[in-house]
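Asks: The structure under discussion is supplied below as structure tokens; questions concerning it will follow.
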Protein chains: 2
Amino acid sequence: MGRTSDTRERLLAAAIDLIWAQSYGSVSVDQICDQAGVKKGSFYHFFPSKIDLAVAAYEAHWNSEMQPVFEEIFRPDVAPRERLLRWCEQIYLKQKEKFEALGHVPGCPFCSVGAEMGTQSERLRAKSEELLERGSFHLERALLDGKRDGSLPVTDSKLQAQSIGTFMLGAMLQAKLQNDPEVLRTLGPQVLGLLGAMTPA
Amino acid sequence: MGRTSDTRERLLAAAIDLIWAQSYGSVSVDQICDQAGVKKGSFYHFFPSKIDLAVAAYEAHWNSEMQPVFEEIFRPDVAPRERLLRWCEQIYLKQKEKFEALGHVPGCPFCSVGAEMGTQSERLRAKSEELLERGSFHLERALLDGKRDGSLPVTDSKLQAQSIGTFMLGAMLQAKLQNDPEVLRTLGPQVLGLLGAMTPA
DNA sequence: AAAGGACTTGACTGATCAGTCAAGTCAGCT
DNA sequence: AGCTGACTTGACTGATCAGTCAAGTCCTTT
């Protein structure tokens, strides 16, 4: 009784692609079905509603695309300071790649859908919050490691991770609003500056 | 040939109210007309399309609601440091007020619509970018004044204003994603810390 | 008072929306 | 071989979407 088709996976992938490139509200179930090469009936065999698809798609996107990248970037054998810089670089490159492919900066997929639908679907809002939290975990661990080995000026890792996360969210949003990935080019130094700055206070 | 009705104004106000509380995509022209007490035909007498209404509504919202508040908060006779704190306080209070009225944190209206529709309507994206820039102007002037009288550790007012703006955008987005206005309660000290921090670098 | 134009009305398009359903097909198990 | 249940198909809802239009009303100007 194992999986006999990849229909479900194709729907999840099509959903992320389209919603990330456009928005939740402007992508229709028909569009997602077309791009996945699936008929409407099959869609509703796998997902009870469009919202359910979106929640599942974001979970799947984290697990299959983002989690592995985070694991690699934040590998414990990499110096904490280096982890932060690799993370910033990765964000810049990804947004730039999407910009060149789509003609616009898509921003953070979780933020975009959370900001758009957070006021209308508590489930989508909670899922986007949860996925951002999972990314934040790696950040905080890097700060903790940097505090332990004295390589980073960390006093309150929880608070400082949150500040850096806030700044990063703002930067990605600004890049999207200005439709210019270059806003993110100097993210690394900015984040390190922010970190150094927060120590005396 | 002076204006003989306030229909246009009621449409603009209804549009901002609804789109800010929900999202651009999930608010229909019919809904906006209902809330404004206006028939569909009148709507299209004043605005050629939904996008045109949104652009005009954001411009009007800035002019009638936000510009006066910014002028008051950033009054030149107030100490620069005080201007920043008043600005942070105002943002916290406004988001909290909306949270209590609507049940959720609405975030920055310009960011929300810019993030949602930026990938699909260049006009809306450009307008939201423009309005954010107008707010940024007051911020930068406060930093310049603080640099001149030595009350704020400012070296590059343009760059520092942009960093603070980025952080503020991120904070409002985070408050929306977590649906918790309290995220914004300590904005003032955080912004001042960020400013002090950036000087040595 | 008559004309003209700004504004209003409500009925109307055709497209598209999310979601349903009955009648299938097909693979794996017994 | 034949059963079972997962999956597929395509036609189908009824609601809602943005936008149109012709026939009005009502104020202002002359």
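Residues in the structure tokens are named by chain (A, B, ... in the order shown) and by number from 1 within that chain; ligands are numbered from 1 in the order shown.
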Show me, as a Markdown table, the residues of chain A having an atom within 10 Å of chain C, each with the closest atom pair and its distance in Å, using only C-alpha atoms (C1' of nucleotides).

Replies:
| residue | atom | partner | partner_atom | distance |
| --- | --- | --- | --- | --- |
| A:Met1 | CA | C:DG28 | C1' | 7.2 |
| A:Gly2 | CA | C:DG28 | C1' | 9.4 |
| A:Thr4 | CA | C:DA27 | C1' | 7.9 |
| A:Ser28 | CA | C:DC17 | C1' | 7.7 |
| A:Val29 | CA | C:DA18 | C1' | 7.5 |
| A:Asp30 | CA | C:DC17 | C1' | 9.1 |
| A:Lys40 | CA | C:DG19 | C1' | 9.2 |
| A:Gly41 | CA | C:DT20 | C1' | 8.6 |
| A:Tyr44 | CA | C:DG19 | C1' | 8.0 |
| A:Pro48 | CA | C:DG19 | C1' | 8.9 |
| A:Ser49 | CA | C:DG19 | C1' | 7.9 |
| A:Lys50 | CA | C:DA18 | C1' | 7.9 |

Asks: Chain A near chain B within 7 Å: what's each residue's closest atom pair and its distance in Å to one decimal, counting only C-alpha atoms, ordered by chain then ascending residue number, as a Markdown table?

Replies:
| residue | atom | partner | partner_atom | distance |
| --- | --- | --- | --- | --- |
| A:Gln22 | CA | B:Thr119 | CA | 5.8 |
| A:Ser23 | CA | B:Glu116 | CA | 6.0 |
| A:Gly25 | CA | B:Gly25 | CA | 5.2 |
| A:Ser26 | CA | B:Gly25 | CA | 6.7 |
| A:His104 | CA | B:Thr119 | CA | 6.3 |
| A:Ser112 | CA | B:Ala115 | CA | 6.5 |
| A:Gly114 | CA | B:Leu177 | CA | 5.9 |
| A:Ala115 | CA | B:Leu177 | CA | 6.3 |
| A:Glu116 | CA | B:Ser23 | CA | 6.0 |
| A:Gly118 | CA | B:Leu177 | CA | 6.5 |
| A:Thr119 | CA | B:Gln22 | CA | 5.8 |
| A:Gln120 | CA | B:Gln22 | CA | 6.6 |
| A:Arg125 | CA | B:Leu177 | CA | 6.2 |
| A:Glu129 | CA | B:Leu177 | CA | 6.0 |
| A:Thr166 | CA | B:Gly170 | CA | 4.8 |
| A:Phe167 | CA | B:Phe167 | CA | 4.7 |
| A:Leu169 | CA | B:Gly170 | CA | 4.9 |
| A:Gly170 | CA | B:Gly170 | CA | 3.5 |
| A:Ala171 | CA | B:Thr166 | CA | 5.6 |
| A:Gln174 | CA | B:Thr166 | CA | 6.8 |
| A:Lys176 | CA | B:Ala115 | CA | 6.7 |
| A:Leu177 | CA | B:Gly114 | CA | 5.9 |
| A:Gln178 | CA | B:Glu129 | CA | 6.3 |
| A:Gly193 | CA | B:Ala201 | CA | 6.4 |
| A:Leu194 | CA | B:Ala197 | CA | 6.6 |
| A:Ala197 | CA | B:Ala197 | CA | 3.6 |
| A:Met198 | CA | B:Ala197 | CA | 6.2 |
| A:Ala201 | CA | B:Gly193 | CA | 6.6 |

Asks: Just the selected residues (C-alpha atoms), exported as a PDB file, in the first residue's frame, please.

Replies:
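Result file part-v6.pdb:
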ATOM      1  CA  GLN A  22       3.331  35.701  -6.546  1.00  0.00           C
ATOM      2  CA  SER A  23       1.204  35.555  -3.407  1.00  0.00           C
ATOM      3  CA  GLY A  25      -4.321  35.195  -2.796  1.00  0.00           C
ATOM      4  CA  SER A  26      -3.389  35.580  -6.422  1.00  0.00           C
ATOM      5  CA  HIS A 104      11.570  40.423  -8.740  1.00  0.00           C
ATOM      6  CA  SER A 112       5.298  36.708   2.840  1.00  0.00           C
ATOM      7  CA  GLY A 114       2.414  34.901   7.079  1.00  0.00           C
ATOM      8  CA  ALA A 115       2.090  38.623   6.531  1.00  0.00           C
ATOM      9  CA  GLU A 116      -0.541  38.218   3.841  1.00  0.00           C
ATOM     10  CA  GLY A 118      -1.838  35.915   9.101  1.00  0.00           C
ATOM     11  CA  THR A 119      -4.855  38.100   9.683  1.00  0.00           C
ATOM     12  CA  GLN A 120      -7.209  35.596   8.069  1.00  0.00           C
ATOM     13  CA  ARG A 125       0.081  32.367  10.628  1.00  0.00           C
ATOM     14  CA  GLU A 129       5.772  31.548  12.911  1.00  0.00           C
ATOM     15  CA  THR A 166      14.274  40.917  13.338  1.00  0.00           C
ATOM     16  CA  PHE A 167      16.911  42.768  11.358  1.00  0.00           C
ATOM     17  CA  LEU A 169      13.348  39.892   8.338  1.00  0.00           C
ATOM     18  CA  GLY A 170      13.363  43.637   7.838  1.00  0.00           C
ATOM     19  CA  ALA A 171      16.205  43.444   5.336  1.00  0.00           C
ATOM     20  CA  GLN A 174      13.063  45.905   2.272  1.00  0.00           C
ATOM     21  CA  LYS A 176      11.379  42.920  -1.774  1.00  0.00           C
ATOM     22  CA  LEU A 177       9.779  46.350  -1.447  1.00  0.00           C
ATOM     23  CA  GLN A 178      12.637  47.984  -3.318  1.00  0.00           C
ATOM     24  CA  GLY A 193      28.121  45.103  13.609  1.00  0.00           C
ATOM     25  CA  LEU A 194      24.718  44.699  15.165  1.00  0.00           C
ATOM     26  CA  ALA A 197      26.954  46.818  19.159  1.00  0.00           C
ATOM     27  CA  MET A 198      24.569  45.070  21.433  1.00  0.00           C
ATOM     28  CA  ALA A 201      23.953  47.638  26.423  1.00  0.00           C
TER      29      ALA A 201
END

Asks: With 12 Å as the limit and counting only C-alpha atoms (C1' of nucleotides), what residues in chain D lie close to chain B? Please list them as a list in words.

Replies: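 That gives DT16, DC17, DA18, DG19, DT20, DC21, DA22, DC26, DC27, DT28 and DT29 of chain D for chain D.
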
Asks: For the residues in the current selection, export C-alpha atoms (C1' of nucleotides) as a compact mmCIF listing (two decimals), in the first residue's frame.

Replies:
# COMPACT_ATOMS: atom_id res chain seq x y z
C1' DT D 16 -18.01 35.57 -6.23
C1' DC D 17 -14.86 38.19 -8.95
C1' DA D 18 -13.65 42.78 -11.48
C1' DG D 19 -15.59 45.57 -14.49
C1' DT D 20 -19.65 47.64 -17.87
C1' DC D 21 -23.48 50.19 -19.14
C1' DA D 22 -27.64 52.83 -20.09
C1' DC D 26 -29.45 66.41 -8.86
C1' DC D 27 -26.56 70.43 -8.37
C1' DT D 28 -24.38 74.49 -10.65
C1' DT D 29 -23.81 77.64 -14.01

Asks: Can you pull out every residue within 12 Å of Leu12 (chain A), counting only C-alpha atoms (C1' of nucleotides), but drop anything in the same chain fewer than 4 positions away, and send it as a VMD selection string?

Replies: chain A and resid 6 to 8 16 to 19 29 32 to 33 35 to 36 38 43 46 to 47 50 to 64

Asks: Please compute the CA of Met66 (chain A)-CA of Lys94 (chain A) distance, one decimal, in Å.

Replies: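 The value is 11.3 Å.
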
Asks: Please compute the CA of Leu131 (chain B)-CA of Glu182 (chain B) distance, one decimal, in Å.

Replies: 25.3 Å

Asks: Excluding Leu187 (chain B) and residues on its chain fewer than 6 positions from it, collect all residues at most 8 Å away from it, counting only C-alpha atoms (C1' of nucleotides), and give them as a list in words.

Replies: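 Answer for this query is Cys88, Glu89 and Tyr92 of chain B.
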
Asks: Env of region 143-157 of chain A: 6 Å cut, atoms = only C-alpha atoms (C1' of nucleotides), seq-sep filter 3 positions within chain, self excluded. Answer as a ChimeraX atom specification.

Replies: /A:80,140,160-161,196

Asks: Write the selection just made, keeping C-alpha atoms, as a short mmCIF file (atom, residue, chain, number, x, y, z; two decimals), in the first residue's frame?

Replies:
data_model
loop_
_atom_site.label_atom_id
_atom_site.label_comp_id
_atom_site.auth_asym_id
_atom_site.auth_seq_id
_atom_site.Cartn_x
_atom_site.Cartn_y
_atom_site.Cartn_z
CA PRO A 80 30.27 30.57 14.88
CA GLU A 140 20.81 31.08 18.58
CA GLN A 160 20.55 38.88 20.48
CA ALA A 161 19.33 36.09 18.22
CA GLY A 196 29.15 43.86 18.47
#

Asks: Give me every alpha helix (DSSP H) residue in region 14-134 of chain A, going by DSSP on the backbone, as a ChimeraX atom specification.

Replies: /A:14-21,29-36,40-46,50-61,67-73,80-102,109-117,122-134

Asks: Keeping only C-alpha atoms, write the selected residues to a file as a PDB file, in the first residue's frame.

Replies:
ATOM      1  CA  ALA A  14       3.976  23.742  -7.557  1.00  0.00           C
ATOM      2  CA  ALA A  15       2.272  25.469  -4.629  1.00  0.00           C
ATOM      3  CA  ILE A  16       5.534  26.755  -3.139  1.00  0.00           C
ATOM      4  CA  ASP A  17       6.845  27.870  -6.512  1.00  0.00           C
ATOM      5  CA  LEU A  18       3.757  29.833  -7.436  1.00  0.00           C
ATOM      6  CA  ILE A  19       2.899  31.288  -4.040  1.00  0.00           C
ATOM      7  CA  TRP A  20       6.481  32.347  -3.372  1.00  0.00           C
ATOM      8  CA  ALA A  21       6.737  33.999  -6.781  1.00  0.00           C
ATOM      9  CA  VAL A  29      -6.073  26.066  -7.184  1.00  0.00           C
ATOM     10  CA  ASP A  30      -6.491  25.666 -10.951  1.00  0.00           C
ATOM     11  CA  GLN A  31      -3.124  27.307 -11.565  1.00  0.00           C
ATOM     12  CA  ILE A  32      -1.431  25.027  -9.050  1.00  0.00           C
ATOM     13  CA  CYS A  33      -3.085  21.990 -10.646  1.00  0.00           C
ATOM     14  CA  ASP A  34      -2.015  23.066 -14.131  1.00  0.00           C
ATOM     15  CA  GLN A  35       1.587  23.583 -13.104  1.00  0.00           C
ATOM     16  CA  ALA A  36       1.640  20.221 -11.331  1.00  0.00           C
ATOM     17  CA  LYS A  40      -8.746  19.313  -9.724  1.00  0.00           C
ATOM     18  CA  GLY A  41     -10.318  16.114  -8.416  1.00  0.00           C
ATOM     19  CA  SER A  42      -6.915  14.689  -7.557  1.00  0.00           C
ATOM     20  CA  PHE A  43      -6.034  17.868  -5.727  1.00  0.00           C
ATOM     21  CA  TYR A  44      -9.016  17.439  -3.427  1.00  0.00           C
ATOM     22  CA  HIS A  45      -8.198  13.782  -2.977  1.00  0.00           C
ATOM     23  CA  PHE A  46      -4.961  14.816  -1.266  1.00  0.00           C
ATOM     24  CA  LYS A  50      -6.312  25.357  -0.429  1.00  0.00           C
ATOM     25  CA  ILE A  51      -5.240  26.391   3.064  1.00  0.00           C
ATOM     26  CA  ASP A  52      -4.364  22.804   3.933  1.00  0.00           C
ATOM     27  CA  LEU A  53      -2.247  22.556   0.814  1.00  0.00           C
ATOM     28  CA  ALA A  54      -0.391  25.754   1.727  1.00  0.00           C
ATOM     29  CA  VAL A  55       0.333  24.595   5.274  1.00  0.00           C
ATOM     30  CA  ALA A  56       1.589  21.235   4.001  1.00  0.00           C
ATOM     31  CA  ALA A  57       3.607  22.913   1.239  1.00  0.00           C
ATOM     32  CA  TYR A  58       5.430  25.190   3.674  1.00  0.00           C
ATOM     33  CA  GLU A  59       6.189  22.302   5.989  1.00  0.00           C
ATOM     34  CA  ALA A  60       7.488  20.277   3.028  1.00  0.00           C
ATOM     35  CA  HIS A  61       9.529  23.203   1.733  1.00  0.00           C
ATOM     36  CA  GLN A  67      16.411  22.367   6.706  1.00  0.00           C
ATOM     37  CA  PRO A  68      19.305  20.671   4.822  1.00  0.00           C
ATOM     38  CA  VAL A  69      20.760  24.067   3.858  1.00  0.00           C
ATOM     39  CA  PHE A  70      20.558  25.282   7.451  1.00  0.00           C
ATOM     40  CA  GLU A  71      22.208  22.082   8.679  1.00  0.00           C
ATOM     41  CA  GLU A  72      25.083  22.595   6.276  1.00  0.00           C
ATOM     42  CA  ILE A  73      25.519  26.325   6.890  1.00  0.00           C
ATOM     43  CA  PRO A  80      30.266  30.565  14.884  1.00  0.00           C
ATOM     44  CA  ARG A  81      31.257  33.826  13.251  1.00  0.00           C
ATOM     45  CA  GLU A  82      31.692  31.993   9.952  1.00  0.00           C
ATOM     46  CA  ARG A  83      28.252  30.415  10.300  1.00  0.00           C
ATOM     47  CA  LEU A  84      26.631  33.829  10.507  1.00  0.00           C
ATOM     48  CA  LEU A  85      28.505  35.069   7.462  1.00  0.00           C
ATOM     49  CA  ARG A  86      27.618  31.951   5.444  1.00  0.00           C
ATOM     50  CA  TRP A  87      23.988  32.406   6.407  1.00  0.00           C
ATOM     51  CA  CYS A  88      23.952  36.038   5.234  1.00  0.00           C
ATOM     52  CA  GLU A  89      25.726  35.117   2.022  1.00  0.00           C
ATOM     53  CA  GLN A  90      23.241  32.318   1.345  1.00  0.00           C
ATOM     54  CA  ILE A  91      20.275  34.646   1.786  1.00  0.00           C
ATOM     55  CA  TYR A  92      21.780  37.213  -0.549  1.00  0.00           C
ATOM     56  CA  LEU A  93      22.570  34.634  -3.217  1.00  0.00           C
ATOM     57  CA  LYS A  94      19.174  32.975  -3.049  1.00  0.00           C
ATOM     58  CA  GLN A  95      17.248  36.215  -3.355  1.00  0.00           C
ATOM     59  CA  LYS A  96      19.505  37.343  -6.180  1.00  0.00           C
ATOM     60  CA  GLU A  97      19.042  34.042  -8.012  1.00  0.00           C
ATOM     61  CA  LYS A  98      15.262  34.334  -7.711  1.00  0.00           C
ATOM     62  CA  PHE A  99      15.420  37.960  -8.771  1.00  0.00           C
ATOM     63  CA  GLU A 100      17.251  37.046 -11.948  1.00  0.00           C
ATOM     64  CA  ALA A 101      14.867  34.190 -12.686  1.00  0.00           C
ATOM     65  CA  LEU A 102      11.581  35.924 -11.846  1.00  0.00           C
ATOM     66  CA  PRO A 109       8.475  32.720   1.706  1.00  0.00           C
ATOM     67  CA  PHE A 110       7.288  32.178   5.272  1.00  0.00           C
ATOM     68  CA  CYS A 111       7.115  35.884   6.031  1.00  0.00           C
ATOM     69  CA  SER A 112       5.298  36.708   2.840  1.00  0.00           C
ATOM     70  CA  VAL A 113       2.519  34.222   3.351  1.00  0.00           C
ATOM     71  CA  GLY A 114       2.414  34.901   7.079  1.00  0.00           C
ATOM     72  CA  ALA A 115       2.090  38.623   6.531  1.00  0.00           C
ATOM     73  CA  GLU A 116      -0.541  38.218   3.841  1.00  0.00           C
ATOM     74  CA  MET A 117      -2.705  35.552   5.434  1.00  0.00           C
ATOM     75  CA  GLU A 122      -4.617  31.409  12.185  1.00  0.00           C
ATOM     76  CA  ARG A 123      -3.272  28.081  10.936  1.00  0.00           C
ATOM     77  CA  LEU A 124      -1.131  29.681   8.234  1.00  0.00           C
ATOM     78  CA  ARG A 125       0.081  32.367  10.628  1.00  0.00           C
ATOM     79  CA  ALA A 126       1.058  29.801  13.249  1.00  0.00           C
ATOM     80  CA  LYS A 127       2.838  27.650  10.675  1.00  0.00           C
ATOM     81  CA  SER A 128       4.896  30.544   9.355  1.00  0.00           C
ATOM     82  CA  GLU A 129       5.772  31.548  12.911  1.00  0.00           C
ATOM     83  CA  GLU A 130       6.815  27.976  13.667  1.00  0.00           C
ATOM     84  CA  LEU A 131       9.050  27.678  10.611  1.00  0.00           C
ATOM     85  CA  LEU A 132      10.766  30.990  11.348  1.00  0.00           C
ATOM     86  CA  GLU A 133      11.372  29.747  14.871  1.00  0.00           C
ATOM     87  CA  ARG A 134      13.072  26.632  13.487  1.00  0.00           C
TER      88      ARG A 134
END

Asks: For the atom pair CA of Asp180 (chain B) and CA of His138 (chain B), what is the interatomic distance in Å to one decimal place?

Replies: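 Spanning CA of Asp180 (chain B) to CA of His138 (chain B) is a straight-line distance of 26.7 Å.
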
Asks: Measuring atom to atom with only C-alpha atoms (C1' of nucleotides), identify which of A:Arg185, A:Lys39, A:Arg141, A:Lys158 is nearest to DT8 (chain D).

Replies: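 Residue with the minimum atom-to-atom distance to DT8 (chain D): A:Lys39.
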